[in-house]
Amino acid sequence: MELTVTKQDLSKALSATQSVVEKKTTMPILSNVLISATDKQLRIASTDYEITMLLRVKANVHSTGSTTVNARVFTDIVRELPDGEVKLKLTEGERLEISAKNSKFKMVGVSAEEYPSLPGIAAEVTGRVEAKQLHEMINKTLYAVSQDETRFNLNGVCFELAQDGAAKKKGSNLRMVATDGHRLAMITRPVENLSFAERIIVPKKGLAEIRKVIDTATDRPVGMDVKDGFLLIETEDAKISMRLIDGEFPDYNQVLPAKAGTLAVTQSSELAQALRRVALMVTDKAKGVRLDFSKSGLKISSSSPELGEARESLDVKYDGPDLSVGFNARYLLEMAQSLDESQTLVMALTGELGAAKFYAEGDESYIGVVMPMRLT
């Protein structure tokens with residue numbers, strides 16, 4: 001194996017694949033990346049058996065071949081090399097020579113034959129979704145995934161195909177839902193040629209990796225498919241497979257408010273700024289803040305014996321009876337931040353103890369639901 005590649009392209013690919021590499025493993029080979037030179041490109045792959053990533057890098061290949069080397073060390077070496085072209089050459093004794101200008105390294109490698117097969121990566125991808133759209137859907141659900149490892153069925157985002165109403169005439173709609181038991185985020189967007197029968201749960205780590213490699217600067221669609229217990233994502237220069245979580249996602253429809261509620265309307269950016277300031281005076285993990293709604297506006301307040309108190313006033317459109325509700329400030333803040341700053345936020349309130357629904361004015365294809373806290 002012998003080839004030349006730009007430092008920029010090589011470093012970018014290694015940074016992406018290294019995040020998948022298993023840090024603590026009983027199989028030392030999984031600490032390595034698999035590098036393979038084909039006729040016209042360099043392929044870099046890594047796996048922890050749950051997530052597999054394959055990156056394709058443009059290269060001038062003089063001779064084909066493959067090997068594996070320690071992912072962290074290889075990434076560190078390439079990062080410190082001078083800018084420009086990098087030459088990779090596999091020599092006798094499974095040694096990988098890395099050279100750029102006046103710098104030269106020799107890494108001890110392990111035969112590619114000892115590297116395990118890449119789970120799920122060989123399956124063909126036929127579905128399509130817009131890159132910007134997929135990036136948006138991940139951003140608007142990932143924050144609501146449960147961090148409690150004991151609730152494994154909530155440690156990912158639920159995917160399902162929704163074909164109701166007008167959607168049947170236009171094709172499938174992909175719905176993504178995440179919840180941690182205290183809040184919920186749900187978004188629905190159109191997709192092409194994507195087909196799977198039941199709800200699936202995609203792990204949060206895999207979605208975070210997808211978000212890193214999606215190029216939202218182009219209008220090219222991203223390949224997406226569900227096959228043999230894996231979600232597959234394919235871009236022009238990357239392919240990712242992730243093993244689905246084996247579990248049943250709870251019936252989120254039971255969480256959605258049954259009543260329309262009393263509406264309060266304000267700017268999402270103004271609410272986010274106010275919440276950030278008020279939350280500074282809360283010390284407990286729950287980050288509880290008080291929201292007082294009235295026809296004259298919204299007052300947000302917080303207090304703690306250790307720090308003191310804070311109060312903010314916001315202009316809101318609200319025609320209902322006076323209402324005081326307690327919320328986790330972080331939950332409201334992450335919901336508000338997931339919207340564009342220019343969007344108008346609608347809060348549908350159902351009393352002091354009822355779930356509140358949040359969405360952009362005129363668009364309920366993306367909603368957030370937050371359970372209130374008891375005020376003390």
# chains A, B, ... in the order shown; residues from 1 in each chain; ligands from 1
call {"tool": "residues_around", "arguments": {"residues": "A:Asp180", "least_positions_apart": "6", "cutoff": "9 Å", "atoms": "only C-alpha atoms", "output": "CSV table (one decimal) with C-alpha atoms, in the first residue's frame"}}
result
chain,number,residue,atom,x,y,z
A,144,ALA,CA,-34.8,15.2,25.0
A,145,VAL,CA,-33.2,11.6,25.1
A,146,SER,CA,-33.0,10.1,28.5
A,147,GLN,CA,-29.5,10.1,30.2
A,148,ASP,CA,-30.6,7.3,32.6
A,151,ARG,CA,-34.0,3.0,31.0
A,154,LEU,CA,-35.4,5.8,26.3
A,155,ASN,CA,-31.7,6.0,25.5
call {"tool": "closest_atom_pairs", "arguments": {"of": "stretch 87-182 of chain A", "to": "stretch 246-265 of chain A", "cutoff": "8 Å", "atoms": "only C-alpha atoms", "output": "CSV"}}
result
residue,atom,partner,partner_atom,distance
A:Phe152,CA,A:Gly247,CA,7.6
A:Asn153,CA,A:Gly247,CA,5.4
A:Leu154,CA,A:Phe249,CA,6.9
A:Cys158,CA,A:Phe249,CA,6.7
call {"tool": "write_last_selection", "arguments": {"atoms": "C-alpha atoms", "output": "CSV table (one decimal), in the first residue's frame"}}
result
chain,number,residue,atom,x,y,z
A,152,PHE,CA,-32.4,1.6,27.8
A,153,ASN,CA,-35.6,2.0,25.7
A,154,LEU,CA,-35.4,5.8,26.3
A,158,CYS,CA,-37.9,6.5,18.2
call {"tool": "residues_around", "arguments": {"residues": "A:Thr64", "least_positions_apart": "5", "cutoff": "7 Å", "atoms": "only C-alpha atoms", "output": "list in words"}}
result
Met1, Glu2, Ala37, Thr38 and Asp39 of chain A
call {"tool": "residues_around", "arguments": {"residues": "A:Pro305", "least_positions_apart": "2", "cutoff": "12 Å", "atoms": "only C-alpha atoms", "output": "PyMOL selection string"}}
result
chain A and resi 281-284+302-303+307-309
call {"tool": "closest_residue", "arguments": {"among": "A:Gly288, A:Pro82, A:Pro116, A:Gly368", "to": "A:Asn32", "atoms": "only C-alpha atoms"}}
result
A:Pro116
call {"tool": "residues_around", "arguments": {"residues": "A:Ile29", "least_positions_apart": "4", "cutoff": "12 Å", "atoms": "only C-alpha atoms", "output": "PyMOL selection string"}}
result
chain A and resi 21-25+33-34+46-49+67-71+109-117
call {"tool": "select_by_dssp", "arguments": {"residues": "stretch 201-265 of chain A", "states": "strand (DSSP E)", "output": "PyMOL selection string"}}
result
chain A and resi 201-203+221-227+230-234+238-243+262-265
call {"tool": "residues_around", "arguments": {"residues": "A:Phe358", "least_positions_apart": "3", "cutoff": "7 Å", "atoms": "only C-alpha atoms", "output": "list in words"}}
result
Leu345, Val346, Met347, Ala348, Ile367, Gly368 and Val369 of chain A
call {"tool": "residues_around", "arguments": {"residues": "A:Thr4", "least_positions_apart": "4", "cutoff": "6 Å", "atoms": "only C-alpha atoms", "output": "PyMOL selection string"}}
result
chain A and resi 59-60+86-87
call {"tool": "write_last_selection", "arguments": {"atoms": "C-alpha atoms", "output": "PDB file, in the first residue's frame"}}
result
ATOM      1  CA  ALA A  59      -6.163   9.966  -2.650  1.00  0.00           C
ATOM      2  CA  ASN A  60      -3.513   9.387  -5.286  1.00  0.00           C
ATOM      3  CA  VAL A  86       0.897  13.293   3.405  1.00  0.00           C
ATOM      4  CA  LYS A  87       2.453  10.076   2.116  1.00  0.00           C
TER       5      LYS A  87
END
